[in-house]
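The next block holds one structure in the form of C-alpha cells; read it before the comments.
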Amino acid sequence: MDLSAEAVSKISVPLLLQRKARSEKITCLTAYDYPIARLVDEAGIDLILVGDTLGPVVLGYDSTLPVTDEEILHHLRAVRRGVKRALLVADLPYGSYHINCEEALRIAIRFLKEGKAEAVKLEGGRKRASLIRRLVDAEIPVLGHVGLTPQSVHVFGGHRVQGKTAAAASEVLEDALAVEDAGAFAIVLEGMPRELAGLITRRLRVPTIGIGAGPECDGQILVLHDLLGLTAGPLPKFVRPYAAIAETIRGALERYGDDVRAGRFPCDAESYHWPHNVRHEVEARGDGAAIRDSCSARMTAHS
Ligand code: KIV
C-alpha cells in the first residue's frame, strides 16, 4: 500500500506510527483560523496543532500561560472547518490538566466532541504519565511534549534549552520514555541539543516531532506565524523564515492608505454603474431631478 504523503487522503494516528517505521518524515505546523488551516491542509502538512502559542502569536499575550480551554476550543472549531486531511491536535493549555485528572479528561473530551480534534497535546514527562494513561484509556490519542516545555517557563527561569549536561539529558530521556510508556502516540521534543533529540528518537518506538531539537527527529513542527514572518520581535535560531508576510501586509496597507488619501481608490472599474437607460434619463432631466421624481412617485404609491 502506498502510504506516501501525497497518496494518503486522511492522516491518522496509526499512519504516523508507520511513517516512523518507514523513516518517512512527519510535517507539522500550528494553525489558528479557518483560512490558514485550509492553506496548511492543502499544502499536505500531516499534523495541525491548535497550540497554546495562540496566546503570544494571535491574542497578544506575553506568554502561553494565560490561554484558556475556551480560547483553544474557539480557535479549534475554526481550524476544524478548514482541515480535511491532516491529523488535528488540540493543546491542553496551562491549568487545564494541573488540578486533577477528571478536569483534564473533561476538557480533552470537549476538545474531541465539540472541537472535533483527533488528539490532544500536553506538556511534561514522568509526572504526566498517569494522566496520559487516563486519557488514552478514554480513547483520546495523546501527543506528549518534553524538554523545553513553555508552560514551565517560571520553573526554568526563561525559555532555556534543556538537557545540556549529561545529568539533565538523562532526565529528558527518562521523561520521553515515561510518556511513551504511558501510551502517547508521538512526542514533541522542544529546545534540546540535537544529539539528545537524536538519541531519544532512536530509543523510542513512537515518532518524535522536533522544534529546536535538530534534524534527527522523525518530524518537525514550527509555529506557523514564525515561519511566515508574522511574529513581532526576534525569533529563536531554530526558526527558518520561509516568508516575510508582515512586510507584504505592511506594504499593501500603506499603498491602500496612500491611494484612498490621493483619490486613486476606488477607480471607475471598481465602481458600480447605472444601466444606460437610467443614466440617459438622469442626464436628460438634469442632475437629480429624475431621481427625485421617481422617489416621490414611489412615496405616493405607498401612501
Ligand atoms: O503551542 C504550540 O505551538 C506548541 C508547539 C510549538 C509545539 O506547543
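The chains in the C-alpha cells are called A, B, ... from first to last as shown; in each chain the residues are counted from 1, and the ligands are counted from 1 in the order shown.
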
Using only C-alpha atoms, find each residue in region 37-127 of chain A having at least one atom no more than 10 Å away from region 174-181 of chain A; report its shortest atom-to-atom pair and that distance in Å (one decimal), rows by chain then rising number, as JSON lines.
{"residue": "A:Glu123", "atom": "CA", "partner": "A:Val179", "partner_atom": "CA", "distance": 9.9}
{"residue": "A:Gly124", "atom": "CA", "partner": "A:Asp175", "partner_atom": "CA", "distance": 7.4}
{"residue": "A:Gly125", "atom": "CA", "partner": "A:Asp175", "partner_atom": "CA", "distance": 4.0}
{"residue": "A:Arg126", "atom": "CA", "partner": "A:Asp175", "partner_atom": "CA", "distance": 5.0}
{"residue": "A:Lys127", "atom": "CA", "partner": "A:Asp175", "partner_atom": "CA", "distance": 8.3}

Query - Exercise: region 61-67 of chain A partners within 7 Å, only C-alpha atoms, chain neighbours under 6 positions left out, as an MDAnalysis selection string - result: chainID A and resid 52:53 55 93:94 151

Store the residues of this selection in a file with C-alpha atoms, as a compact mmCIF listing (two decimals), in the first residue's frame.
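Result saved to result-v5.txt:
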# COMPACT_ATOMS: atom_id res chain seq x y z
CA ASP A 52 -1.25 27.44 23.17
CA THR A 53 1.17 29.66 21.21
CA GLY A 55 -1.70 33.32 23.19
CA PRO A 93 -3.48 24.87 27.98
CA TYR A 94 -1.83 25.67 31.30
CA GLN A 151 4.26 26.22 30.35

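Selecting strand (DSSP E) from the backbone DSSP output for region 181-274 of chain A yields Ala186, Ile187, Val188, Leu189, Glu190, Thr208, Ile209, Gly210, Ile211, Gly219, Gln220, Ile221 and Leu222 of chain A.
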
For Val40 (chain A): contacts at 12 Å, only C-alpha atoms, fewer than 3 positions along chain excluded, given as a PDB file with C-alpha atoms, in the first residue's frame:
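Result saved to part-v8.pdb:
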ATOM      1  CA  THR A  27       5.402  17.501   8.766  1.00  0.00           C
ATOM      2  CA  CYS A  28       3.568  19.531  11.424  1.00  0.00           C
ATOM      3  CA  LEU A  29       2.510  23.160  11.869  1.00  0.00           C
ATOM      4  CA  THR A  30       0.256  25.224  14.071  1.00  0.00           C
ATOM      5  CA  ALA A  31      -2.902  26.927  12.762  1.00  0.00           C
ATOM      6  CA  TYR A  32      -5.403  29.186  14.499  1.00  0.00           C
ATOM      7  CA  ASP A  33      -8.041  30.172  11.960  1.00  0.00           C
ATOM      8  CA  TYR A  34     -10.041  28.811   9.015  1.00  0.00           C
ATOM      9  CA  PRO A  35      -8.246  30.364   6.007  1.00  0.00           C
ATOM     10  CA  ILE A  36      -4.778  29.475   7.273  1.00  0.00           C
ATOM     11  CA  ALA A  37      -5.913  25.967   8.295  1.00  0.00           C
ATOM     12  CA  ALA A  43      -0.163  22.115   1.365  1.00  0.00           C
ATOM     13  CA  GLY A  44      -0.109  18.494   2.571  1.00  0.00           C
ATOM     14  CA  ILE A  45       1.119  19.115   6.122  1.00  0.00           C
ATOM     15  CA  ASP A  46       0.472  15.921   8.136  1.00  0.00           C
ATOM     16  CA  LEU A  47      -0.432  17.267  11.576  1.00  0.00           C
ATOM     17  CA  ILE A  48      -2.027  20.578  12.521  1.00  0.00           C
ATOM     18  CA  LEU A  49      -1.784  21.746  16.108  1.00  0.00           C
ATOM     19  CA  VAL A  79      -9.448  25.359  12.230  1.00  0.00           C
ATOM     20  CA  ARG A  80     -11.560  22.187  12.075  1.00  0.00           C
ATOM     21  CA  GLY A  82     -10.573  24.170   7.199  1.00  0.00           C
ATOM     22  CA  VAL A  83      -8.927  20.779   7.753  1.00  0.00           C
ATOM     23  CA  LYS A  84      -9.786  17.664   5.784  1.00  0.00           C
ATOM     24  CA  ARG A  85      -6.601  15.614   5.548  1.00  0.00           C
ATOM     25  CA  ALA A  86      -4.236  16.480   8.403  1.00  0.00           C
ATOM     26  CA  LEU A  87      -4.466  14.985  11.885  1.00  0.00           C
ATOM     27  CA  LEU A  88      -5.917  17.758  14.068  1.00  0.00           C
ATOM     28  CA  VAL A 223       4.732  27.904  14.867  1.00  0.00           C
ATOM     29  CA  LEU A 224       3.240  28.976  11.537  1.00  0.00           C
ATOM     30  CA  HIS A 225       3.379  32.700  12.336  1.00  0.00           C
ATOM     31  CA  LEU A 228       5.718  33.105   7.702  1.00  0.00           C
TER      32      LEU A 228
END

Query raised in the report: If you measure from CA of Ala90 (chain A) to CA of Val206 (chain A), what distance in Å do you get, rounded to one decimal?
Result: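 CA of Ala90 (chain A) sits 18.9 Å away from CA of Val206 (chain A).
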
Query raised in the report: Restricting the calculation to only C-alpha atoms, which member of A:Asp91, A:Glu190, A:Glu195, A:Asp69 is positioned closest to Leu222 (chain A)?
Result: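 Using only C-alpha atoms, the shortest distance to Leu222 (chain A) belongs to A:Glu190.
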
Query raised in the report: Which is closer to ligand 1 than all the others in A:Ile187, A:Ala167, A:Ala78, A:Ala104, using only C-alpha atoms and all ligand atoms?
Result: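 Among the listed residues, the smallest separation from ligand 1 belongs to A:Ile187.
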
Report task. Determine the nearest neighbour of ligand 1 from the options A:Val58, A:Val50, A:Ile99, A:Val278, counting only C-alpha atoms and all ligand atoms. Result ->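 Once distances to ligand 1 are computed over only C-alpha atoms and all ligand atoms, the minimum belongs to A:Val50.
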
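Counting from CA of Arg264 (chain A), the distance to CA of Glu247 (chain A) is 22.4 Å.
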